[in-house]
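> Handing over entry_12.pdb, PDB, C-alpha atoms and all ligand atoms.
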MODEL        1
ATOM      1  CA  MET A  89     267.751 187.602 119.063
ATOM      2  CA  THR A  90     270.013 190.303 120.551
ATOM      3  CA  ARG A  91     268.867 192.504 123.415
ATOM      4  CA  THR A  92     268.947 195.561 121.093
ATOM      5  CA  THR A  93     266.683 193.883 118.510
ATOM      6  CA  ARG A  94     264.229 192.772 121.233
ATOM      7  CA  ARG A  95     264.149 196.316 122.607
ATOM      8  CA  GLY A  96     263.628 197.620 119.084
ATOM      9  CA  LEU A  97     260.677 195.273 118.509
ATOM     10  CA  ALA A  98     259.141 196.189 121.864
ATOM     11  CA  ALA A  99     259.432 199.888 121.002
ATOM     12  CA  ALA A 100     257.892 199.277 117.576
ATOM     13  CA  GLY A 101     254.998 197.422 119.249
ATOM     14  CA  LEU A 102     254.371 200.311 121.631
ATOM     15  CA  ALA A 103     254.557 202.779 118.748
ATOM     16  CA  ALA A 104     252.032 200.696 116.790
ATOM     17  CA  LEU A 105     249.642 200.766 119.764
ATOM     18  CA  ALA A 106     250.048 204.525 120.142
ATOM     19  CA  ALA A 107     249.825 205.328 116.411
ATOM     20  CA  PRO A 108     246.030 205.174 115.933
ATOM     21  CA  ARG A 109     245.529 207.643 118.818
ATOM     22  CA  VAL A 110     248.016 210.120 117.267
ATOM     23  CA  ALA A 111     246.469 209.676 113.823
ATOM     24  CA  ARG A 112     242.967 210.287 115.250
ATOM     25  CA  ALA A 113     244.159 213.435 117.019
ATOM     26  CA  GLN A 114     245.703 214.742 113.795
ATOM     27  CA  ALA A 115     242.688 213.814 111.696
ATOM     28  CA  GLY A 116     240.598 216.020 114.002
ATOM     29  CA  PHE A 117     243.036 218.930 113.769
ATOM     30  CA  PRO A 118     242.117 221.637 114.505
ATOM     31  CA  ASN A 119     239.316 221.152 116.991
ATOM     32  CA  ARG A 120     239.871 224.368 118.938
ATOM     33  CA  PRO A 121     241.218 227.897 118.258
ATOM     34  CA  ILE A 122     244.774 228.375 117.003
ATOM     35  CA  THR A 123     246.889 231.221 118.400
ATOM     36  CA  MET A 124     248.969 233.184 115.907
ATOM     37  CA  THR A 125     251.681 235.133 117.744
ATOM     38  CA  ILE A 126     252.775 238.428 116.197
ATOM     39  CA  PRO A 127     256.091 239.525 117.716
ATOM     40  CA  PHE A 128     255.495 243.273 117.143
ATOM     41  CA  ALA A 129     252.938 245.860 118.242
ATOM     42  CA  PRO A 130     249.319 246.056 117.026
ATOM     43  CA  GLY A 131     248.723 248.298 114.020
ATOM     44  CA  GLY A 132     252.172 247.826 112.478
ATOM     45  CA  PRO A 133     253.191 245.996 109.292
ATOM     46  CA  THR A 134     253.514 242.482 110.750
ATOM     47  CA  ASP A 135     250.226 242.886 112.573
ATOM     48  CA  ILE A 136     248.510 244.106 109.382
ATOM     49  CA  VAL A 137     249.707 241.080 107.375
ATOM     50  CA  GLY A 138     249.063 238.676 110.274
ATOM     51  CA  ARG A 139     245.474 239.783 110.905
ATOM     52  CA  LEU A 140     244.554 239.519 107.214
ATOM     53  CA  LEU A 141     246.109 236.070 107.096
ATOM     54  CA  ALA A 142     244.491 234.913 110.350
ATOM     55  CA  GLU A 143     241.044 235.999 109.182
ATOM     56  CA  SER A 144     241.364 234.103 105.917
ATOM     57  CA  MET A 145     242.913 231.004 107.529
ATOM     58  CA  SER A 146     240.080 230.948 110.098
ATOM     59  CA  ARG A 147     237.493 230.691 107.322
ATOM     60  CA  GLU A 148     239.391 227.918 105.559
ATOM     61  CA  ILE A 149     240.418 225.822 108.560
ATOM     62  CA  GLY A 150     237.056 226.039 110.379
ATOM     63  CA  GLN A 151     238.419 227.288 113.716
ATOM     64  CA  PRO A 152     239.308 230.814 114.877
ATOM     65  CA  VAL A 153     242.941 231.773 114.286
ATOM     66  CA  VAL A 154     243.380 234.268 117.101
ATOM     67  CA  VAL A 155     246.095 236.921 116.878
ATOM     68  CA  GLU A 156     248.109 237.741 119.995
ATOM     69  CA  ASN A 157     250.812 240.416 119.963
ATOM     70  CA  SER A 158     253.746 239.345 122.127
ATOM     71  CA  THR A 159     256.205 242.196 121.759
ATOM     72  CA  GLY A 160     259.668 243.308 122.829
ATOM     73  CA  ALA A 161     263.373 242.711 122.298
ATOM     74  CA  GLY A 162     263.227 243.134 118.506
ATOM     75  CA  GLY A 163     260.709 240.328 118.000
ATOM     76  CA  THR A 164     262.667 237.732 119.989
ATOM     77  CA  LEU A 165     260.169 237.515 122.872
ATOM     78  CA  GLY A 166     257.291 236.557 120.580
ATOM     79  CA  ALA A 167     259.494 234.082 118.732
ATOM     80  CA  GLN A 168     260.585 232.542 122.046
ATOM     81  CA  ARG A 169     256.950 232.162 123.086
ATOM     82  CA  VAL A 170     256.235 229.974 120.043
ATOM     83  CA  ALA A 171     259.567 228.103 120.030
ATOM     84  CA  THR A 172     258.865 226.962 123.586
ATOM     85  CA  ALA A 173     255.106 226.316 123.126
ATOM     86  CA  ARG A 174     253.534 222.838 122.941
ATOM     87  CA  PRO A 175     254.248 221.530 119.419
ATOM     88  CA  ASP A 176     250.636 220.591 118.648
ATOM     89  CA  GLY A 177     249.745 223.059 115.875
ATOM     90  CA  TYR A 178     247.731 225.360 118.134
ATOM     91  CA  SER A 179     250.614 227.872 118.458
ATOM     92  CA  ILE A 180     251.990 229.428 115.297
ATOM     93  CA  LEU A 181     254.231 232.422 114.645
ATOM     94  CA  LEU A 182     254.107 235.029 111.919
ATOM     95  CA  HIS A 183     257.571 236.537 111.760
ATOM     96  CA  HIS A 184     259.704 238.237 109.147
ATOM     97  CA  ILE A 185     263.251 238.931 107.976
ATOM     98  CA  GLY A 186     264.130 238.980 111.696
ATOM     99  CA  MET A 187     264.215 235.160 111.440
ATOM    100  CA  GLY A 188     267.101 235.674 109.007
ATOM    101  CA  VAL A 189     269.128 238.162 111.069
ATOM    102  CA  ILE A 190     268.422 237.204 114.701
ATOM    103  CA  PRO A 191     270.391 233.886 114.569
ATOM    104  CA  THR A 192     273.559 235.960 113.914
ATOM    105  CA  MET A 193     272.708 239.217 115.720
ATOM    106  CA  TYR A 194     271.782 237.581 119.018
ATOM    107  CA  ARG A 195     274.582 235.495 120.479
ATOM    108  CA  ARG A 196     272.548 234.713 123.616
ATOM    109  CA  LEU A 197     268.875 233.740 123.444
ATOM    110  CA  ALA A 198     266.587 231.647 125.649
ATOM    111  CA  TYR A 199     265.412 229.668 122.596
ATOM    112  CA  ASP A 200     266.954 228.180 119.465
ATOM    113  CA  PRO A 201     266.258 230.718 116.651
ATOM    114  CA  VAL A 202     266.775 228.103 113.911
ATOM    115  CA  ASN A 203     266.100 224.630 115.311
ATOM    116  CA  GLY A 204     263.243 225.830 117.486
ATOM    117  CA  PHE A 205     260.864 226.004 114.508
ATOM    118  CA  GLU A 206     259.181 224.128 111.697
ATOM    119  CA  PRO A 207     258.791 226.536 108.740
ATOM    120  CA  LEU A 208     255.315 226.333 107.210
ATOM    121  CA  GLY A 209     255.783 228.669 104.238
ATOM    122  CA  LEU A 210     256.701 232.107 102.967
ATOM    123  CA  VAL A 211     253.822 234.609 102.987
ATOM    124  CA  THR A 212     254.870 237.816 101.273
ATOM    125  CA  GLU A 213     257.763 240.141 100.411
ATOM    126  CA  VAL A 214     257.291 243.810 101.252
ATOM    127  CA  PRO A 215     259.279 246.832 100.053
ATOM    128  CA  MET A 216     260.486 249.389 102.600
ATOM    129  CA  THR A 217     260.326 253.166 102.461
ATOM    130  CA  LEU A 218     262.347 255.848 104.226
ATOM    131  CA  VAL A 219     259.775 258.195 105.732
ATOM    132  CA  GLY A 220     260.245 261.248 107.903
ATOM    133  CA  ARG A 221     258.175 263.752 109.836
ATOM    134  CA  LYS A 222     256.427 266.170 107.525
ATOM    135  CA  GLU A 223     258.357 269.254 108.662
ATOM    136  CA  LEU A 224     261.799 267.690 108.137
ATOM    137  CA  PRO A 225     263.884 270.320 106.276
ATOM    138  CA  ALA A 226     264.968 267.983 103.452
ATOM    139  CA  ALA A 227     263.300 267.651 100.033
ATOM    140  CA  ASN A 228     265.183 264.565  98.839
ATOM    141  CA  LEU A 229     267.587 261.839  99.959
ATOM    142  CA  ALA A 230     270.735 263.939  99.353
ATOM    143  CA  GLU A 231     269.358 266.744 101.551
ATOM    144  CA  LEU A 232     268.268 264.220 104.167
ATOM    145  CA  VAL A 233     271.777 262.734 104.296
ATOM    146  CA  ALA A 234     273.321 266.211 104.664
ATOM    147  CA  PHE A 235     270.822 267.093 107.415
ATOM    148  CA  MET A 236     271.413 263.825 109.293
ATOM    149  CA  LYS A 237     275.161 264.357 109.241
ATOM    150  CA  ALA A 238     274.887 267.985 110.339
ATOM    151  CA  GLN A 239     272.512 267.108 113.185
ATOM    152  CA  GLY A 240     274.640 264.259 114.572
ATOM    153  CA  ASP A 241     272.954 262.698 117.607
ATOM    154  CA  ARG A 242     270.274 265.421 117.631
ATOM    155  CA  PHE A 243     268.717 263.531 114.717
ATOM    156  CA  ASN A 244     266.276 260.806 115.875
ATOM    157  CA  LEU A 245     265.770 257.504 114.107
ATOM    158  CA  ALA A 246     262.890 255.281 115.241
ATOM    159  CA  ASP A 247     262.960 251.496 115.004
ATOM    160  CA  ALA A 248     261.409 248.353 116.466
ATOM    161  CA  GLY A 249     264.495 247.113 118.316
ATOM    162  CA  ILE A 250     267.547 245.095 117.286
ATOM    163  CA  GLY A 251     266.379 242.220 115.115
ATOM    164  CA  SER A 252     263.587 244.216 113.459
ATOM    165  CA  SER A 253     263.613 245.243 109.811
ATOM    166  CA  SER A 254     263.408 248.947 110.673
ATOM    167  CA  ALA A 255     266.510 248.607 112.874
ATOM    168  CA  LEU A 256     268.377 246.683 110.166
ATOM    169  CA  CYS A 257     267.468 249.272 107.528
ATOM    170  CA  GLY A 258     268.255 252.213 109.840
ATOM    171  CA  ALA A 259     271.629 250.760 110.851
ATOM    172  CA  LEU A 260     272.589 250.107 107.223
ATOM    173  CA  LEU A 261     271.594 253.665 106.276
ATOM    174  CA  ALA A 262     273.550 255.242 109.153
ATOM    175  CA  ASN A 263     276.523 253.049 108.316
ATOM    176  CA  ALA A 264     276.376 253.837 104.585
ATOM    177  CA  ILE A 265     276.373 257.601 105.122
ATOM    178  CA  GLY A 266     278.570 257.721 108.239
ATOM    179  CA  ALA A 267     275.905 259.308 110.483
ATOM    180  CA  ARG A 268     275.383 258.698 114.216
ATOM    181  CA  PRO A 269     271.691 259.397 114.905
ATOM    182  CA  THR A 270     270.026 258.750 118.246
ATOM    183  CA  VAL A 271     268.043 255.518 117.891
ATOM    184  CA  ILE A 272     264.657 255.341 119.635
ATOM    185  CA  PRO A 273     263.372 251.762 119.898
ATOM    186  CA  PHE A 274     259.648 250.955 120.047
ATOM    187  CA  ARG A 275     257.771 247.651 120.386
ATOM    188  CA  GLY A 276     256.912 247.846 116.715
ATOM    189  CA  THR A 277     256.743 250.409 113.952
ATOM    190  CA  GLY A 278     253.000 250.902 114.605
ATOM    191  CA  PRO A 279     253.753 253.048 117.672
ATOM    192  CA  ALA A 280     256.925 254.442 116.020
ATOM    193  CA  MET A 281     254.809 255.756 113.130
ATOM    194  CA  GLN A 282     252.587 257.649 115.574
ATOM    195  CA  GLU A 283     255.666 259.566 116.744
ATOM    196  CA  ILE A 284     256.632 260.395 113.133
ATOM    197  CA  LEU A 285     253.063 261.616 112.475
ATOM    198  CA  GLY A 286     253.193 263.690 115.648
ATOM    199  CA  GLY A 287     256.492 265.246 114.544
ATOM    200  CA  ARG A 288     258.325 264.007 117.650
ATOM    201  CA  VAL A 289     260.721 261.668 115.823
ATOM    202  CA  ASP A 290     262.617 262.438 112.600
ATOM    203  CA  LEU A 291     262.915 259.277 110.512
ATOM    204  CA  LEU A 292     261.712 255.679 110.189
ATOM    205  CA  CYS A 293     262.486 252.974 107.648
ATOM    206  CA  ASP A 294     259.241 251.025 107.369
ATOM    207  CA  GLN A 295     257.231 248.710 105.142
ATOM    208  CA  THR A 296     254.700 249.853 102.542
ATOM    209  CA  THR A 297     252.071 247.730 104.292
ATOM    210  CA  GLN A 298     251.984 250.519 106.889
ATOM    211  CA  THR A 299     253.422 253.556 105.067
ATOM    212  CA  THR A 300     251.421 253.545 101.796
ATOM    213  CA  GLU A 301     248.402 255.407 103.140
ATOM    214  CA  TYR A 302     250.510 257.992 105.000
ATOM    215  CA  ILE A 303     252.660 258.592 101.914
ATOM    216  CA  ARG A 304     249.599 258.996  99.663
ATOM    217  CA  SER A 305     247.890 261.403 102.048
ATOM    218  CA  GLY A 306     251.077 263.459 102.497
ATOM    219  CA  ALA A 307     251.123 262.850 106.259
ATOM    220  CA  VAL A 308     254.828 261.911 106.069
ATOM    221  CA  ARG A 309     257.750 262.926 103.885
ATOM    222  CA  VAL A 310     259.128 260.072 101.785
ATOM    223  CA  PHE A 311     262.727 259.985 100.539
ATOM    224  CA  ALA A 312     263.422 256.650  98.832
ATOM    225  CA  THR A 313     262.833 252.924  98.817
ATOM    226  CA  PRO A 314     265.810 250.666  99.583
ATOM    227  CA  SER A 315     264.590 248.230  96.893
ATOM    228  CA  ARG A 316     266.212 247.067  93.671
ATOM    229  CA  ALA A 317     263.335 248.516  91.620
ATOM    230  CA  ARG A 318     260.659 251.147  92.145
ATOM    231  CA  ILE A 319     257.435 250.071  93.893
ATOM    232  CA  ALA A 320     254.631 249.523  91.360
ATOM    233  CA  THR A 321     251.987 251.130  93.592
ATOM    234  CA  LEU A 322     254.204 254.112  94.569
ATOM    235  CA  PRO A 323     256.088 254.723  91.308
ATOM    236  CA  ASP A 324     257.197 258.302  92.105
ATOM    237  CA  ILE A 325     259.505 257.199  94.923
ATOM    238  CA  PRO A 326     263.101 256.745  93.735
ATOM    239  CA  THR A 327     265.158 253.753  94.788
ATOM    240  CA  THR A 328     268.044 254.548  97.142
ATOM    241  CA  ALA A 329     270.439 253.744  94.253
ATOM    242  CA  GLU A 330     268.655 256.218  91.967
ATOM    243  CA  ALA A 331     268.746 258.807  94.740
ATOM    244  CA  GLY A 332     272.533 258.460  95.101
ATOM    245  CA  LEU A 333     272.968 255.633  97.636
ATOM    246  CA  PRO A 334     273.828 252.419  95.759
ATOM    247  CA  GLY A 335     274.488 249.072  97.456
ATOM    248  CA  PHE A 336     271.879 249.604 100.169
ATOM    249  CA  GLU A 337     268.976 247.194  99.766
ATOM    250  CA  VAL A 338     266.496 245.730 102.255
ATOM    251  CA  THR A 339     263.195 244.003 101.435
ATOM    252  CA  VAL A 340     261.146 242.466 104.217
ATOM    253  CA  TRP A 341     259.723 238.968 103.935
ATOM    254  CA  HIS A 342     257.170 237.311 106.201
ATOM    255  CA  GLY A 343     256.984 233.604 107.000
ATOM    256  CA  LEU A 344     254.786 231.311 109.081
ATOM    257  CA  TYR A 345     256.244 228.871 111.657
ATOM    258  CA  ALA A 346     255.222 226.200 114.165
ATOM    259  CA  PRO A 347     257.315 225.003 117.118
ATOM    260  CA  ARG A 348     259.886 222.306 116.324
ATOM    261  CA  GLY A 349     258.345 218.858 116.800
ATOM    262  CA  THR A 350     254.873 219.779 115.536
ATOM    263  CA  PRO A 351     253.666 216.571 113.769
ATOM    264  CA  ALA A 352     254.194 216.597 109.994
ATOM    265  CA  PRO A 353     250.479 216.094 109.116
ATOM    266  CA  VAL A 354     249.557 219.052 111.344
ATOM    267  CA  CYS A 355     252.239 221.233 109.685
ATOM    268  CA  ALA A 356     250.951 220.106 106.285
ATOM    269  CA  ARG A 357     247.391 221.111 107.225
ATOM    270  CA  LEU A 358     248.607 224.557 108.362
ATOM    271  CA  THR A 359     250.569 225.007 105.121
ATOM    272  CA  GLN A 360     247.469 224.012 103.152
ATOM    273  CA  SER A 361     245.498 226.703 104.987
ATOM    274  CA  LEU A 362     248.263 229.279 104.386
ATOM    275  CA  GLN A 363     248.232 228.487 100.661
ATOM    276  CA  ALA A 364     244.449 228.825 100.516
ATOM    277  CA  ALA A 365     244.686 232.222 102.248
ATOM    278  CA  LEU A 366     247.275 233.384  99.705
ATOM    279  CA  ARG A 367     244.799 232.533  96.914
ATOM    280  CA  ASP A 368     241.948 234.354  98.695
ATOM    281  CA  PRO A 369     240.861 237.264  96.427
ATOM    282  CA  ARG A 370     240.346 239.470  99.519
ATOM    283  CA  ILE A 371     243.977 238.950 100.549
ATOM    284  CA  VAL A 372     245.239 239.461  97.010
ATOM    285  CA  GLN A 373     243.338 242.742  96.740
ATOM    286  CA  ARG A 374     244.303 244.117 100.154
ATOM    287  CA  PHE A 375     247.961 243.085  99.817
ATOM    288  CA  THR A 376     248.075 244.841  96.435
ATOM    289  CA  GLU A 377     246.583 248.036  97.902
ATOM    290  CA  ILE A 378     249.340 248.156 100.516
ATOM    291  CA  GLY A 379     252.212 247.612  98.106
ATOM    292  CA  THR A 380     252.793 243.869  98.330
ATOM    293  CA  ALA A 381     251.494 240.561  96.958
ATOM    294  CA  PRO A 382     251.096 236.992  98.200
ATOM    295  CA  VAL A 383     254.059 234.820  97.185
ATOM    296  CA  PRO A 384     253.495 232.155  94.495
ATOM    297  CA  GLN A 385     252.074 228.906  95.909
ATOM    298  CA  GLU A 386     255.321 227.001  95.352
ATOM    299  CA  ASP A 387     257.118 229.373  97.775
ATOM    300  CA  ALA A 388     254.482 228.840 100.465
ATOM    301  CA  THR A 389     255.701 225.345 101.356
ATOM    302  CA  ALA A 390     257.814 224.080 104.252
ATOM    303  CA  GLU A 391     260.705 222.909 102.037
ATOM    304  CA  ALA A 392     260.862 226.047  99.873
ATOM    305  CA  HIS A 393     260.651 228.297 102.899
ATOM    306  CA  ARG A 394     263.375 226.399 104.765
ATOM    307  CA  ARG A 395     265.712 226.896 101.768
ATOM    308  CA  PHE A 396     264.779 230.587 101.480
ATOM    309  CA  TRP A 397     265.202 231.158 105.239
ATOM    310  CA  MET A 398     268.602 229.402 105.423
ATOM    311  CA  ALA A 399     269.818 231.399 102.392
ATOM    312  CA  ASP A 400     268.719 234.613 104.113
ATOM    313  CA  ILE A 401     270.631 233.711 107.302
ATOM    314  CA  ALA A 402     273.721 233.113 105.131
ATOM    315  CA  ARG A 403     273.121 236.384 103.248
ATOM    316  CA  TRP A 404     272.976 238.582 106.368
ATOM    317  CA  LYS A 405     275.687 236.851 108.452
ATOM    318  CA  PRO A 406     278.668 238.575 106.771
ATOM    319  CA  VAL A 407     276.853 241.937 106.753
ATOM    320  CA  ILE A 408     276.156 241.717 110.484
ATOM    321  CA  GLU A 409     279.709 240.587 111.219
ATOM    322  CA  ALA A 410     281.228 243.363 109.069
ATOM    323  CA  THR A 411     279.132 246.073 110.709
ATOM    324  CA  ASN A 412     279.426 244.576 114.226
ATOM    325  CA  ALA A 413     275.620 244.824 114.481
ATOM    326  CA  TYR A 414     275.299 242.426 117.390
ATOM    327  CA  ALA A 415     272.568 242.769 119.975
ATOM    328  CA  ASP A 416     274.941 242.215 122.920
TER     329      ASP A 416
HETATM  330  C1  LIG A 501     256.315 245.787 112.908
HETATM  331  O1  LIG A 501     255.436 245.011 112.585
HETATM  332  O2  LIG A 501     256.202 246.567 113.870
HETATM  333  C2  LIG A 501     257.563 245.843 112.083
HETATM  334  O3  LIG A 501     257.567 244.826 111.126
HETATM  335  C3  LIG A 501     258.775 245.804 112.943
HETATM  336  C4  LIG A 501     260.017 245.943 112.116
HETATM  337  O4  LIG A 501     260.543 244.940 111.677
HETATM  338  O5  LIG A 501     260.489 247.048 111.919
ENDMDL
END
Kindly transcribe the structure held in the file into structure tokens.


Amino acid sequence: MTRTTRRGLAAAGLAALAAPRVARAQAGFPNRPITMTIPFAPGGPTDIVGRLLAESMSREIGQPVVVENSTGAGGTLGAQRVATARPDGYSILLHHIGMGVIPTMYRRLAYDPVNGFEPLGLVTEVPMTLVGRKELPAANLAELVAFMKAQGDRFNLADAGIGSSSALCGALLANAIGARPTVIPFRGTGPAMQEILGGRVDLLCDQTTQTTEYIRSGAVRVFATPSRARIATLPDIPTTAEAGLPGFEVTVWHGLYAPRGTPAPVCARLTQSLQAALRDPRIVQRFTEIGTAPVPQEDATAEAHRRFWMADIARWKPVIEATNAYAD
């Protein structure tokens, strides 16, 4: 017997001794609260989706799923918190399209934005809307574009920092029309929306999960949706293409992640809980009211979400390179 084979057998023996303990620990999972990190501010679109999901998952999994907002740096600080957490299933991350753009946008990070995670499943896809303060002197997208150009850097555009969907959408808009607005970053579009409502900031590109109620009540002015088709629940809003700006499309997706190295049975249990939440009639109803829908069950799996996520990284890479939209 060679030394390598003997070492291999010894390792296998040790693994066999350890296996029952690991299996027992996983069979009991979860036996304490799970922390779901939201990388943006309370009250905003990611927080809204995350809290609904956490509430439903808590009921299904039999332990509290506690939401913690860990904000800043365009969602990278919250993502770093989970990527570097103990991979035991008790730390999970609800993130969004930022997972698709950050690996290219950020050339220096204190965590691995791709290999630092185990994807658990896609959650939802949310349309965006271009909303402005109520008093903005523009009745439609063409007038908004003219006003933005005339105002130059006196025009203010809010976002949630480089890596956020609002920043991606805002940068693509400014680029498409050749405007140079002053960008005001917040820790999420929850606080950014308060500035739009207060009339202190001009424009924000944000998800229907937050904007629907403000659009319906007339608290904000809405110009277009950068979606391929009109939004079923807000059918009067034109798409950017219909309003004269073709080739400018952003839809936000949300996914659930665990740190890399989380045991496969634990990931599978979390995915099972995610899928149950996406079938929960309360989630289906609330998501529908705020302009979105749970994804089909077959998209809420680790394998399907990994494929979707990798395709999204590949989709945005050339766009980010062409527009030099790097964070550094
Ligand atoms: C938020 O939850 O604040 C937003 O999703 C941030 C963004 O991507 O714009």

> Could you list, as a list in words, every residue within 10 Å of Val407 (chain A), counting all atoms listed in the file and ignoring same-chain residues fewer than 5 positions away?

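Near Val407 (chain A), the qualifying residues are Val189, Thr192, Leu260, Ala402, Asn412 and Ala413 of chain A.
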
> Suppose a student applies the PyMOL selection byres (((chain A and resi 319) around 10) and not hetatm) to this structure; what residues should they get, written as a ChimeraX atom specification?

/A:214-217,296,313,315-318,320-327,379-380

> Around ligand LIG 501 (chain A), out to 6 Å and counting only C-alpha atoms and all ligand atoms, which residues are there? I want them as a ChimeraX atom specification.

/A:128-129,132-135,247-248,252-254,276-278

> If we count only C-alpha atoms, what is near Ala356 (chain A) at a cut-off of 12 Å, once residues fewer than 2 positions away on the same chain are taken out, given as a count of residues only?

25

> Pick out the closest residue to Leu285 (chain A) from this set: A:Ile303, A:Val170, A:Ala312, A:Leu232. Count only C-alpha atoms.

A:Ile303

> Name the residues in contact with Gly188 (chain A) at a cut-off of 10 Å, using all atoms listed in the file, excluding same-chain residues fewer than 6 positions from it; report them as a list in words.

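Answer for this query is Pro201, Val202, Gly251, Trp341, Phe396, Trp397, Met398, Ala399, Asp400, Ile401, Ala402, Arg403, Trp404 and Lys405 of chain A.
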
> Quick one: which residues end up in the PyMOL selection byres (((chain A and resi 383) around 8) and not hetatm) for this structure, as a ChimeraX atom specification?

/A:210-213,366,381-382,384-385,387-388

> Out of A:Asp290, A:Gly162, A:Gly204, A:Ala198, which residue has the shortest atom-to-atom distance to Ala255 (chain A) when counting all atoms listed in the file?

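Ranking A:Asp290, A:Gly162, A:Gly204, A:Ala198 by distance to Ala255 (chain A), first place goes to A:Gly162.
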